[in-house]
Amino acid sequence: MTEALLKAKGIARYFDVSPPLLNRMIEGSERQIVKAVDGVDFEIERGQTLSLVGESGCGKSTVARLIVGLYKPSGGSIEFEGVDLTALNNRKEEAALRGRMQMIFQDPYASLNPRWRVSDIVAEPIRHKKMFDKRSDVTRRVGELLSQVGLSPVDGEKYPHEFSGGQRQRISIARALAGNPEFLVCDEPTSALDVSVQAQILNLMKDLQREYGLTYLFISHDLAVVDHVSDRIGVMYLGRICELADTRELFSNPRHPYSRFLLDAIPDLDMTGKQRIPVAGEVPSPINPPSGCTFHPRCPFANDRCKSEQPELHNVGGTRVACHAVEENRLEPTG
Amino acid sequence: MSTGNQQPLLEVRELRVEFPTRRGSLIAVDGVSLEIAPGEVLGVVGESGAGKSMTGNAVIGLLPSPGRVESGEILLEGERIDNLPYEQMRKIRGKRIGAVFQDPLTSLNPLYTVGEQLVETIQTHMDMSEKDAKTRAVDLLEEVGIPSARERIDHYPHQFSGGMRQRVVIALALCAEPRLIIADEPTTALDVSIQAQIITLIKKLCREHGTAVMLVTHDMGVIAETADRVAVMYAGRVAEIGPVAEVVKNANHPYTHGLMGSIPKVGHEVERLTQIDGSMPRLTEIPTGCAFNPRCADKGPRCMVERPILEPVENSFVACWKFDPEGTGA
Amino acid sequence: MNIITRVQDSLYRFFDGDVWYSFTQSKTTIIAAIVTVILMLASLLAPFISVHNPFDPTNLNLMDSFTPPVWSEDGRWAFPLGSDDQGRDLYSTILYGSRLSLFIGFASVAFSMTLGVSLGLIAGYLGGSVDAFIMRVADIQISFPGILIALLIDGLARALLPGESHDEVMVYVLILAIGLSQWVNFARTVRGSTMVERNKEYVQAARVIGVSRLFIMVRHIMPNVMGPVLVIATISLAVAILSEASLSFLGVGVPPTQPSLGTLIRIGQDFLFSGEWWIVIFPGITLAALVLAVNLLGDWLRDALNPKLR
């Protein structure tokens, strides 16, 4: 049993969206805090892919940014190879550890500097880490990386706007790989791409994972994509994880009511003509979440306990679920 | 392509949409023909740059400048609408053809209440007093599933959530009882669970009102759930058009076949998704012959020279030389 | 690709691009550009194409003063556009004076651009109290008219510096004064653009890579915010030239032994109605032409760089 490469323990991120002090004094309004991420736990083992899936406002992108250091957590800790990144005081050590993580972003148009040539974009991690002494070595390495992601070394001299969305995402991947990372956070890397291009990118990412033994944290809203790439999946709702399970287990036997409804909402390409009852209501605003279990207004199995007490993740088989109804065995199993 | 014995509600014949630029003319839609029967939902699916949105825009007369219809015809209930002057087209828009666009945020004017926008549209196209128009507006809002419609009619768009706003846009599109609605990516900006709600709503409304829909999207899943027939577009041309079950499950055209294989499906375990190498050609670099030929595994010499025409294959029409008696010349 | 081929490639892309195309399509802009280039070249080559150096008192002879332009009755070729009250050839003085005006103009724009862009980047990227402080300073300064600020600094300099060194440093004091009155325009625009860019994913990618904030500001963000800066710089140049002319006109600009266009206008103003019209008219036309041409170029640049108008 390998030790987990990355552990998130109770990480949280709050945003203060209160009106300015003057307004609050005059209007008598209160401080408003958005709990974008409110206590999330998961582990990822080396070489595996964990996906976080959920709808808008669930906090999955915020988790991605917390892990990679773009936000500081408001609470909890992040351990990389057992070292608590949030507690490190030594900048050098933190930089060294963080240098082993990289990130791929959603928007292929905004994630590359439009004024830089592609070779400079891909070379940035190489130059920052001073991996080579000679310029020619850097050029050679950039060429290798570009070939590896399916582009040509001469593409290095072009600017991002000369490439299509899918090609730009390949450039992003080349840049992410340039620093020889072990861990990649992928924030909806294919959401902005056409379906056929998405297939190319997903295949590429799987190939690279196999070749380099990479570990992925994959963020997406698309359950079908997540089914294809993940070993384990965490379903998020309003800043918390509802269910964390192995991929096959989640799709064959979803336990949390929200997981069930999400799966139900996937359009049916097999055209079985199955009837479905879409989930009622919409995701509530994260500024004023419902009390107790945040899903209770939309949940057909909610009882009084659900309205007042927030459920914690507990083990059911190999799955972790945060649901009172599941804990109390009030749900019929599916599948 | 024929839809039976009735006269088709909408007929598009060899439509060609061009964008003159200083570097030459870009052809966004290149000889597209399709038909929509009354009350039918036709899906128009394709990836970015395929020309599906442009086709929808051309039908409703809202091509972004400098685009224009260069040749071909668009007929609504037998009458030509592509060559109408602005004022006449304006009367048709809203009354006989409604529109639902992708972004509910920008489809509604943020400065007017939802009720004011509905009443304005109703009164423009139907002869009604303001009081009657307002009643009708409330009825429409209830029909699209807005709770407490009577109070919410006086709310502003920003007071609605994304899914609710899209429902309002659908109500707006339906308020003058159009025969045809052009829906351009109506669910793309919405969450998956809301998407399911909106799809169900569109299906129900169109059945009840007998409205036909031209559903333009890149999402095959939405098409599979909603459409009766589907047209697959590639590089400004129609590759395949037929009943949705046939196209989705037994695609004929190599592009459609590859497309369906590249969509990940829940419960279908594959190591690698089907990958079509390369990408859709830019409008300035469309190959001669069949636009798909550089990426096609089944291509023959004829494909590189002659552009295929739509030919009947089972219940569909496919533009591929493989299905022509003379073959691909390979 | 080495540096030479990169420069060639960049040049090729520029002349193939939309900006150059819009330039070639606008007759007004081409004329404005030609006028600007002619005036700038002429002033650069002043020592070679003047009749004499008007700043050198040894060249001057009071007997030559008030000579009318060459095409008048008493005109001479030694004074093609006439001479002023000190016997300076007006044509040469216009050339040397333009050179001085242009030098002060470019230098002050360079100064205010450097100061403004840096402060704008810092304020926009770092945000928080740094941003608040810089913007309050800017707000306070912008509430004073530019000329007033220039006068203030000018006056301070005169008071603080001993009399003889005055003339030597005057030009630099002017550059500082005019530059300080203009930096806020740059800073505000750059701050706004920086705040937009800093949330974009390429900046986040750079942060994940681990590069320093300075690197991000200068190498990543700055190239993307410079478009509007060029427009402001062009307009600022026109304003700077006019400011210098105004200050010289008021008598607190360049030293009287090195007259600029503004000084000439002041001098000539006294003699306009006593018949020596050429002393004010020719410098006036030159100044007006220069400022108008630069303004027109700035107008075109702003429209050419505006992505929404393309």
# chains A, B, ... in the order shown; residues from 1 in each chain; ligands from 1
$ interface_residues --of "chain A" --to "chain C" --cutoff "10 Å" --atoms "only C-alpha atoms" --output "number ranges by chain"
A: 65, 68-70, 95-96, 98-116, 121, 124-129, 139, 154, 156-158, 172, 175-176, 179
$ write_last_selection --atoms "N, CA and C atoms" --output "CSV table (one decimal), in the first residue's frame"
chain,number,residue,atom,x,y,z
A,65,ARG,N,-7.2,25.4,-6.6
A,65,ARG,CA,-6.3,26.6,-6.4
A,65,ARG,C,-5.7,26.5,-5.0
A,68,VAL,N,-2.7,24.0,-5.1
A,68,VAL,CA,-1.5,24.4,-5.9
A,68,VAL,C,-0.9,25.7,-5.3
A,69,GLY,N,-1.5,26.3,-4.3
A,69,GLY,CA,-0.9,27.4,-3.7
A,69,GLY,C,-1.4,28.8,-4.2
A,70,LEU,N,-2.3,28.8,-5.1
A,70,LEU,CA,-2.8,30.2,-5.5
A,70,LEU,C,-3.6,30.9,-4.5
A,95,ALA,N,9.2,26.2,-1.9
A,95,ALA,CA,9.4,26.3,-3.3
A,95,ALA,C,9.8,25.0,-4.0
A,96,ALA,N,10.7,24.3,-3.3
A,96,ALA,CA,11.1,23.0,-3.8
A,96,ALA,C,10.0,22.0,-3.9
A,98,ARG,N,6.7,22.7,-4.0
A,98,ARG,CA,5.7,23.2,-4.9
A,98,ARG,C,6.2,23.1,-6.3
A,99,GLY,N,7.5,23.0,-6.5
A,99,GLY,CA,8.0,22.9,-7.9
A,99,GLY,C,7.7,21.5,-8.5
A,100,ARG,N,7.3,20.6,-7.6
A,100,ARG,CA,6.9,19.3,-8.1
A,100,ARG,C,5.5,19.2,-8.4
A,101,MET,N,4.8,20.3,-8.3
A,101,MET,CA,3.3,20.3,-8.7
A,101,MET,C,3.2,21.3,-9.8
A,102,GLN,N,2.2,21.0,-10.7
A,102,GLN,CA,1.9,22.0,-11.7
A,102,GLN,C,0.4,22.0,-12.0
A,103,MET,N,0.0,23.0,-12.8
A,103,MET,CA,-1.4,23.1,-13.0
A,103,MET,C,-1.8,23.3,-14.5
A,104,ILE,N,-2.9,22.8,-14.9
A,104,ILE,CA,-3.4,23.0,-16.3
A,104,ILE,C,-4.7,23.7,-16.1
A,105,PHE,N,-5.0,24.7,-16.9
A,105,PHE,CA,-6.2,25.5,-16.7
A,105,PHE,C,-7.2,25.3,-17.7
A,106,GLN,N,-8.4,25.8,-17.4
A,106,GLN,CA,-9.6,25.5,-18.3
A,106,GLN,C,-9.6,26.3,-19.6
A,107,ASP,N,-9.2,27.6,-19.5
A,107,ASP,CA,-9.4,28.4,-20.7
A,107,ASP,C,-8.2,28.4,-21.6
A,108,PRO,N,-8.2,27.8,-22.7
A,108,PRO,CA,-7.0,27.7,-23.5
A,108,PRO,C,-6.6,29.1,-24.1
A,109,TYR,N,-7.6,30.0,-24.1
A,109,TYR,CA,-7.3,31.3,-24.6
A,109,TYR,C,-6.6,32.3,-23.6
A,110,ALA,N,-7.0,32.1,-22.4
A,110,ALA,CA,-6.4,33.0,-21.4
A,110,ALA,C,-5.2,32.4,-20.6
A,111,SER,N,-5.0,31.1,-20.8
A,111,SER,CA,-3.9,30.5,-20.0
A,111,SER,C,-2.5,30.6,-20.7
A,112,LEU,N,-2.4,31.2,-21.9
A,112,LEU,CA,-1.1,31.4,-22.5
A,112,LEU,C,-1.0,32.9,-22.7
A,113,ASN,N,0.2,33.5,-22.3
A,113,ASN,CA,0.4,34.9,-22.5
A,113,ASN,C,0.4,35.3,-24.0
A,114,PRO,N,-0.5,36.1,-24.5
A,114,PRO,CA,-0.6,36.3,-25.9
A,114,PRO,C,0.6,37.0,-26.5
A,115,ARG,N,1.4,37.6,-25.7
A,115,ARG,CA,2.6,38.3,-26.2
A,115,ARG,C,3.9,37.5,-26.2
A,116,TRP,N,3.8,36.3,-25.7
A,116,TRP,CA,5.0,35.5,-25.6
A,116,TRP,C,4.9,34.5,-26.7
A,121,ILE,N,6.9,30.4,-23.6
A,121,ILE,CA,5.9,29.9,-22.7
A,121,ILE,C,6.3,28.6,-22.1
A,124,GLU,N,9.4,28.5,-19.7
A,124,GLU,CA,9.4,29.3,-18.5
A,124,GLU,C,9.7,28.5,-17.2
A,125,PRO,N,9.1,27.3,-17.0
A,125,PRO,CA,9.5,26.5,-15.8
A,125,PRO,C,11.0,26.1,-15.9
A,126,ILE,N,11.4,25.7,-17.1
A,126,ILE,CA,12.8,25.3,-17.3
A,126,ILE,C,13.8,26.4,-16.9
A,127,ARG,N,13.5,27.6,-17.4
A,127,ARG,CA,14.4,28.7,-17.1
A,127,ARG,C,14.3,29.1,-15.6
A,128,HIS,N,13.1,29.0,-15.0
A,128,HIS,CA,12.9,29.4,-13.6
A,128,HIS,C,13.7,28.5,-12.7
A,129,LYS,N,13.7,27.2,-13.1
A,129,LYS,CA,14.4,26.2,-12.3
A,129,LYS,C,15.8,26.1,-12.6
A,139,THR,N,16.4,24.9,-25.8
A,139,THR,CA,15.7,24.9,-27.0
A,139,THR,C,15.4,23.4,-27.4
A,154,VAL,N,9.0,23.4,-34.6
A,154,VAL,CA,9.0,24.7,-35.2
A,154,VAL,C,7.8,25.6,-34.7
A,156,GLY,N,7.3,26.4,-31.9
A,156,GLY,CA,7.7,27.2,-30.9
A,156,GLY,C,7.9,28.7,-31.2
A,157,GLU,N,8.1,28.9,-32.5
A,157,GLU,CA,8.3,30.3,-32.9
A,157,GLU,C,7.0,31.1,-33.1
A,158,LYS,N,5.9,30.4,-33.0
A,158,LYS,CA,4.6,31.1,-33.3
A,158,LYS,C,4.1,31.6,-32.0
A,172,SER,N,-0.3,24.2,-23.2
A,172,SER,CA,-0.4,24.3,-21.7
A,172,SER,C,0.2,23.0,-21.1
A,175,ARG,N,3.9,23.0,-21.2
A,175,ARG,CA,4.4,23.9,-20.2
A,175,ARG,C,4.4,23.2,-18.8
A,176,ALA,N,3.3,22.6,-18.5
A,176,ALA,CA,3.1,21.9,-17.2
A,176,ALA,C,4.2,20.8,-17.0
A,179,GLY,N,8.7,21.3,-16.2
A,179,GLY,CA,9.5,21.3,-15.0
A,179,GLY,C,9.6,19.9,-14.3
$ interface_residues --of "chain B" --to "chain A" --cutoff "9 Å" --atoms "only C-alpha atoms" --output "ChimeraX atom specification"
/B:46-48,161-164,190-197,200,218-225,245,248-249,258-279
$ write_last_selection --atoms "N, CA and C atoms" --output "tab-separated table (two decimals), in the first residue's frame"
chain	number	residue	atom	x	y	z
B	46	GLY	N	-22.56	20.18	-34.43
B	46	GLY	CA	-21.27	20.33	-35.07
B	46	GLY	C	-20.32	20.95	-34.08
B	47	GLU	N	-19.05	20.93	-34.39
B	47	GLU	CA	-18.07	21.50	-33.49
B	47	GLU	C	-17.86	22.97	-33.83
B	48	SER	N	-16.94	23.63	-33.12
B	48	SER	CA	-16.81	25.07	-33.36
B	48	SER	C	-16.28	25.30	-34.75
B	161	SER	N	-32.07	33.27	-11.01
B	161	SER	CA	-30.86	32.48	-11.21
B	161	SER	C	-30.74	32.12	-12.69
B	162	GLY	N	-29.60	31.55	-13.06
B	162	GLY	CA	-29.32	31.23	-14.47
B	162	GLY	C	-30.40	30.39	-15.12
B	163	GLY	N	-30.78	29.30	-14.45
B	163	GLY	CA	-31.79	28.42	-15.02
B	163	GLY	C	-33.14	29.12	-15.15
B	164	MET	N	-33.50	29.91	-14.16
B	164	MET	CA	-34.76	30.64	-14.19
B	164	MET	C	-34.76	31.66	-15.32
B	190	LEU	N	-25.44	26.27	-18.67
B	190	LEU	CA	-26.13	25.88	-17.44
B	190	LEU	C	-25.54	24.62	-16.85
B	191	ASP	N	-25.75	24.47	-15.55
B	191	ASP	CA	-25.32	23.25	-14.88
B	191	ASP	C	-26.06	22.03	-15.42
B	192	VAL	N	-25.46	20.89	-15.22
B	192	VAL	CA	-26.02	19.64	-15.76
B	192	VAL	C	-27.44	19.38	-15.27
B	193	SER	N	-27.71	19.61	-13.99
B	193	SER	CA	-29.05	19.30	-13.50
B	193	SER	C	-30.07	20.29	-14.05
B	194	ILE	N	-29.66	21.53	-14.20
B	194	ILE	CA	-30.57	22.53	-14.78
B	194	ILE	C	-30.77	22.24	-16.25
B	195	GLN	N	-29.70	21.80	-16.90
B	195	GLN	CA	-29.78	21.45	-18.32
B	195	GLN	C	-30.90	20.42	-18.51
B	196	ALA	N	-30.92	19.43	-17.64
B	196	ALA	CA	-31.94	18.39	-17.76
B	196	ALA	C	-33.33	18.99	-17.64
B	197	GLN	N	-33.49	19.94	-16.69
B	197	GLN	CA	-34.79	20.57	-16.52
B	197	GLN	C	-35.20	21.33	-17.78
B	200	THR	N	-36.20	19.07	-20.71
B	200	THR	CA	-37.54	18.54	-20.51
B	200	THR	C	-38.58	19.60	-20.81
B	218	HIS	N	-23.46	21.84	-29.76
B	218	HIS	CA	-22.33	20.95	-29.99
B	218	HIS	C	-22.48	19.69	-29.14
B	219	ASP	N	-23.52	19.67	-28.30
B	219	ASP	CA	-23.67	18.61	-27.31
B	219	ASP	C	-24.58	17.50	-27.85
B	220	MET	N	-23.97	16.39	-28.20
B	220	MET	CA	-24.73	15.27	-28.76
B	220	MET	C	-25.73	14.72	-27.76
B	221	GLY	N	-25.40	14.78	-26.49
B	221	GLY	CA	-26.30	14.25	-25.48
B	221	GLY	C	-27.63	14.99	-25.48
B	222	VAL	N	-27.56	16.31	-25.58
B	222	VAL	CA	-28.78	17.12	-25.62
B	222	VAL	C	-29.59	16.75	-26.86
B	223	ILE	N	-28.92	16.57	-27.97
B	223	ILE	CA	-29.60	16.20	-29.21
B	223	ILE	C	-30.30	14.86	-29.04
B	224	ALA	N	-29.58	13.89	-28.46
B	224	ALA	CA	-30.13	12.55	-28.32
B	224	ALA	C	-31.42	12.59	-27.50
B	225	GLU	N	-31.46	13.47	-26.50
B	225	GLU	CA	-32.62	13.53	-25.63
B	225	GLU	C	-33.76	14.32	-26.23
B	245	ALA	N	-32.16	8.58	-33.77
B	245	ALA	CA	-31.71	7.27	-33.31
B	245	ALA	C	-30.72	6.67	-34.29
B	248	VAL	N	-27.30	8.70	-34.21
B	248	VAL	CA	-26.54	8.55	-32.97
B	248	VAL	C	-26.02	7.13	-32.81
B	249	LYS	N	-26.85	6.16	-33.09
B	249	LYS	CA	-26.42	4.78	-32.81
B	249	LYS	C	-25.74	4.11	-33.99
B	258	GLY	N	-16.79	8.87	-36.06
B	258	GLY	CA	-15.66	9.22	-35.19
B	258	GLY	C	-16.11	10.11	-34.03
B	259	LEU	N	-17.01	11.02	-34.34
B	259	LEU	CA	-17.50	11.94	-33.31
B	259	LEU	C	-18.19	11.17	-32.19
B	260	MET	N	-19.07	10.25	-32.56
B	260	MET	CA	-19.79	9.50	-31.54
B	260	MET	C	-18.83	8.66	-30.72
B	261	GLY	N	-17.78	8.14	-31.38
B	261	GLY	CA	-16.82	7.33	-30.64
B	261	GLY	C	-15.96	8.14	-29.69
B	262	SER	N	-15.82	9.44	-29.95
B	262	SER	CA	-14.94	10.22	-29.09
B	262	SER	C	-15.66	10.76	-27.87
B	263	ILE	N	-16.99	10.58	-27.81
B	263	ILE	CA	-17.72	11.08	-26.65
B	263	ILE	C	-17.62	10.04	-25.53
B	264	PRO	N	-17.12	10.42	-24.38
B	264	PRO	CA	-17.05	9.45	-23.28
B	264	PRO	C	-18.47	9.15	-22.78
B	265	LYS	N	-18.75	7.91	-22.53
B	265	LYS	CA	-20.07	7.56	-22.03
B	265	LYS	C	-19.94	6.86	-20.70
B	266	VAL	N	-20.82	7.22	-19.80
B	266	VAL	CA	-20.80	6.61	-18.49
B	266	VAL	C	-21.12	5.13	-18.62
B	267	GLY	N	-20.32	4.30	-17.99
B	267	GLY	CA	-20.59	2.87	-18.00
B	267	GLY	C	-19.95	2.15	-19.17
B	268	HIS	N	-19.44	2.91	-20.15
B	268	HIS	CA	-18.74	2.25	-21.24
B	268	HIS	C	-17.25	2.37	-20.99
B	269	GLU	N	-16.66	1.31	-20.56
B	269	GLU	CA	-15.24	1.39	-20.23
B	269	GLU	C	-14.39	1.26	-21.48
B	270	VAL	N	-13.64	2.25	-21.79
B	270	VAL	CA	-12.68	2.12	-22.89
B	270	VAL	C	-11.33	2.62	-22.41
B	271	GLU	N	-10.29	2.03	-22.90
B	271	GLU	CA	-8.96	2.49	-22.53
B	271	GLU	C	-8.67	3.84	-23.19
B	272	ARG	N	-8.96	3.91	-24.48
B	272	ARG	CA	-8.75	5.16	-25.20
B	272	ARG	C	-10.03	5.52	-25.94
B	273	LEU	N	-10.34	6.78	-25.96
B	273	LEU	CA	-11.49	7.23	-26.74
B	273	LEU	C	-11.09	7.26	-28.21
B	274	THR	N	-12.06	7.03	-29.07
B	274	THR	CA	-11.80	7.13	-30.51
B	274	THR	C	-11.30	8.53	-30.81
B	275	GLN	N	-10.23	8.60	-31.54
B	275	GLN	CA	-9.62	9.89	-31.77
B	275	GLN	C	-9.59	10.15	-33.27
B	276	ILE	N	-10.12	11.28	-33.69
B	276	ILE	CA	-9.96	11.66	-35.09
B	276	ILE	C	-8.77	12.59	-35.13
B	277	ASP	N	-7.70	12.18	-35.76
B	277	ASP	CA	-6.50	13.00	-35.77
B	277	ASP	C	-6.72	14.29	-36.55
B	278	GLY	N	-5.95	15.30	-36.18
B	278	GLY	CA	-6.09	16.58	-36.86
B	278	GLY	C	-7.25	17.36	-36.28
B	279	SER	N	-7.62	18.43	-36.95
B	279	SER	CA	-8.75	19.22	-36.46
B	279	SER	C	-9.53	19.80	-37.64
$ interface_residues --of "chain C" --to "chain B" --cutoff "12 Å" --atoms "only C-alpha atoms" --output "PyMOL selection string"
chain C and resi 16-18+21-22+25+310
$ write_last_selection --atoms "N, CA and C atoms" --output "short mmCIF file (atom, residue, chain, number, x, y, z; two decimals), in the first residue's frame"
data_model
loop_
_atom_site.label_atom_id
_atom_site.label_comp_id
_atom_site.auth_asym_id
_atom_site.auth_seq_id
_atom_site.Cartn_x
_atom_site.Cartn_y
_atom_site.Cartn_z
N ASP C 16 2.27 43.27 -41.81
CA ASP C 16 1.19 42.47 -42.38
C ASP C 16 -0.10 42.65 -41.59
N GLY C 17 -0.01 43.34 -40.50
CA GLY C 17 -1.11 43.36 -39.54
C GLY C 17 -2.16 44.42 -39.80
N ASP C 18 -3.20 44.38 -38.95
CA ASP C 18 -4.32 45.30 -39.11
C ASP C 18 -3.96 46.74 -38.81
N TYR C 21 -2.33 48.32 -41.72
CA TYR C 21 -3.32 48.43 -42.79
C TYR C 21 -4.22 49.64 -42.57
N SER C 22 -4.67 49.83 -41.33
CA SER C 22 -5.56 50.96 -41.09
C SER C 22 -4.81 52.28 -41.29
N GLN C 25 -4.78 53.19 -44.87
CA GLN C 25 -6.10 53.55 -45.40
C GLN C 25 -6.52 54.96 -45.06
N ARG C 310 -12.41 46.86 -34.90
CA ARG C 310 -11.82 46.19 -36.07
C ARG C 310 -12.86 45.40 -36.83
#
$ select_by_dssp --residues "region 54-297 of chain A" --states "strand (DSSP E)" --output "PyMOL selection string"
chain A and resi 75-80+83-84+101-104+183-187+215-220+232-237+240-246
$ write_last_selection --atoms "N, CA and C atoms" --output "short mmCIF file (atom, residue, chain, number, x, y, z; two decimals), in the first residue's frame"
data_model
loop_
_atom_site.label_atom_id
_atom_site.label_comp_id
_atom_site.auth_asym_id
_atom_site.auth_seq_id
_atom_site.Cartn_x
_atom_site.Cartn_y
_atom_site.Cartn_z
N GLY A 75 -8.29 27.40 6.53
CA GLY A 75 -8.25 26.39 7.59
C GLY A 75 -7.80 25.07 7.01
N GLY A 76 -7.40 24.14 7.86
CA GLY A 76 -7.01 22.83 7.40
C GLY A 76 -5.57 22.80 6.91
N SER A 77 -5.13 21.63 6.42
CA SER A 77 -3.74 21.51 5.98
C SER A 77 -3.64 20.70 4.71
N ILE A 78 -2.56 20.88 4.01
CA ILE A 78 -2.29 20.15 2.77
C ILE A 78 -0.94 19.49 2.92
N GLU A 79 -0.92 18.18 2.81
CA GLU A 79 0.35 17.46 2.99
C GLU A 79 0.81 16.88 1.68
N PHE A 80 2.04 17.18 1.31
CA PHE A 80 2.63 16.61 0.11
C PHE A 80 3.76 15.71 0.55
N VAL A 83 4.65 16.11 4.12
CA VAL A 83 5.09 17.41 4.64
C VAL A 83 3.94 18.40 4.55
N ASP A 84 3.64 19.06 5.68
CA ASP A 84 2.53 19.99 5.70
C ASP A 84 2.94 21.30 5.02
N MET A 101 4.75 20.26 -8.28
CA MET A 101 3.34 20.29 -8.67
C MET A 101 3.18 21.28 -9.81
N GLN A 102 2.20 21.00 -10.68
CA GLN A 102 1.91 21.97 -11.73
C GLN A 102 0.41 22.01 -11.97
N MET A 103 -0.01 22.95 -12.81
CA MET A 103 -1.44 23.09 -13.02
C MET A 103 -1.76 23.33 -14.49
N ILE A 104 -2.87 22.76 -14.92
CA ILE A 104 -3.37 23.01 -16.28
C ILE A 104 -4.73 23.67 -16.13
N PHE A 183 3.04 15.82 -9.83
CA PHE A 183 1.63 15.96 -9.49
C PHE A 183 1.04 17.08 -10.33
N LEU A 184 -0.08 16.79 -10.99
CA LEU A 184 -0.71 17.80 -11.83
C LEU A 184 -2.14 18.05 -11.38
N VAL A 185 -2.46 19.33 -11.22
CA VAL A 185 -3.84 19.70 -10.94
C VAL A 185 -4.44 20.17 -12.25
N CYS A 186 -5.53 19.54 -12.68
CA CYS A 186 -6.11 19.89 -13.98
C CYS A 186 -7.49 20.48 -13.75
N ASP A 187 -7.63 21.77 -14.00
CA ASP A 187 -8.90 22.45 -13.73
C ASP A 187 -9.73 22.51 -15.00
N THR A 215 0.59 11.82 -11.09
CA THR A 215 -0.60 11.78 -10.25
C THR A 215 -1.45 12.98 -10.62
N TYR A 216 -2.76 12.76 -10.81
CA TYR A 216 -3.62 13.86 -11.25
C TYR A 216 -4.71 14.16 -10.22
N LEU A 217 -4.97 15.45 -10.02
CA LEU A 217 -6.21 15.89 -9.40
C LEU A 217 -6.99 16.54 -10.52
N PHE A 218 -8.11 15.94 -10.88
CA PHE A 218 -8.84 16.34 -12.08
C PHE A 218 -10.16 16.97 -11.67
N ILE A 219 -10.36 18.19 -12.09
CA ILE A 219 -11.59 18.90 -11.75
C ILE A 219 -12.49 18.93 -12.98
N SER A 220 -13.76 18.64 -12.81
CA SER A 220 -14.65 18.69 -13.97
C SER A 220 -16.09 18.81 -13.53
N ARG A 232 -10.65 7.45 -8.63
CA ARG A 232 -11.60 7.75 -7.56
C ARG A 232 -12.26 9.09 -7.84
N ILE A 233 -13.46 9.25 -7.33
CA ILE A 233 -14.21 10.48 -7.61
C ILE A 233 -14.77 11.05 -6.32
N GLY A 234 -14.67 12.37 -6.19
CA GLY A 234 -15.31 13.04 -5.07
C GLY A 234 -16.40 13.95 -5.61
N VAL A 235 -17.63 13.77 -5.15
CA VAL A 235 -18.74 14.62 -5.58
C VAL A 235 -18.88 15.76 -4.60
N MET A 236 -18.85 16.97 -5.11
CA MET A 236 -18.91 18.13 -4.22
C MET A 236 -20.20 18.91 -4.37
N TYR A 237 -20.64 19.49 -3.26
CA TYR A 237 -21.84 20.34 -3.28
C TYR A 237 -21.64 21.45 -2.28
N ARG A 240 -18.51 21.26 0.13
CA ARG A 240 -18.18 20.04 0.88
C ARG A 240 -18.28 18.83 -0.03
N ILE A 241 -17.62 17.76 0.42
CA ILE A 241 -17.70 16.52 -0.36
C ILE A 241 -18.88 15.71 0.16
N CYS A 242 -19.77 15.30 -0.75
CA CYS A 242 -20.90 14.47 -0.33
C CYS A 242 -20.53 13.01 -0.36
N GLU A 243 -19.78 12.64 -1.40
CA GLU A 243 -19.47 11.22 -1.56
C GLU A 243 -18.09 11.10 -2.19
N LEU A 244 -17.30 10.16 -1.69
CA LEU A 244 -15.95 9.93 -2.21
C LEU A 244 -15.82 8.44 -2.42
N ALA A 245 -15.69 8.01 -3.70
CA ALA A 245 -15.74 6.57 -3.96
C ALA A 245 -14.86 6.21 -5.14
N ASP A 246 -14.59 4.90 -5.25
CA ASP A 246 -13.94 4.41 -6.47
C ASP A 246 -14.89 4.64 -7.63
#
$ residues_around --residues "Gly75 (chain C)" --least-positions-apart "4" --cutoff "12 Å" --atoms "only C-alpha atoms" --output "list in words"
Asp64, Ser65, Phe66, Thr67, Pro68, Pro69, Val70, Trp71, Phe79, Pro80, Leu81, Gly82, Ser83, Asp89 and Trp278 of chain C
$ atom_distance --atom1 "CA of Gly284 (chain C)" --atom2 "CA of Trp183 (chain C)"
27.3 Å
$ select_by_dssp --residues "region 117-205 of chain A" --states "helix (DSSP H, G or I)" --output "PyMOL selection string"
chain A and resi 118-128+135-148+153-157+160-162+165-178+195-205
$ atom_distance --atom1 "CA of Val313 (chain B)" --atom2 "CA of Val59 (chain B)"
27.0 Å
$ closest_residue --among "C:Ile104, C:Leu62, C:Leu156, C:Arg198" --to "Leu174 (chain C)" --atoms "only C-alpha atoms"
C:Ile104
$ residues_around --residues "Thr114 (chain C)" --least-positions-apart "5" --cutoff "12 Å" --atoms "only C-alpha atoms" --output "list in words"
Ala107, Ser108, Val109, Leu119, Gly120, Leu121, Gly179, Leu180, Gln182, Trp183, Val184, Asn185, Phe186, Ala187, Val190, Met222, Met226, Val229 and Ala233 of chain C
$ closest_residue --among "B:Ala319, B:Ala239, B:Ile198, B:Val168" --to "Val45 (chain B)" --atoms "only C-alpha atoms"
B:Ala239
$ residues_around --residues "Glu306 (chain B)" --least-positions-apart "4" --cutoff "10 Å" --atoms "only C-alpha atoms" --output "JSON, numbers by chain"
{"B": [288, 289, 290, 291, 301, 302, 321, 328]}
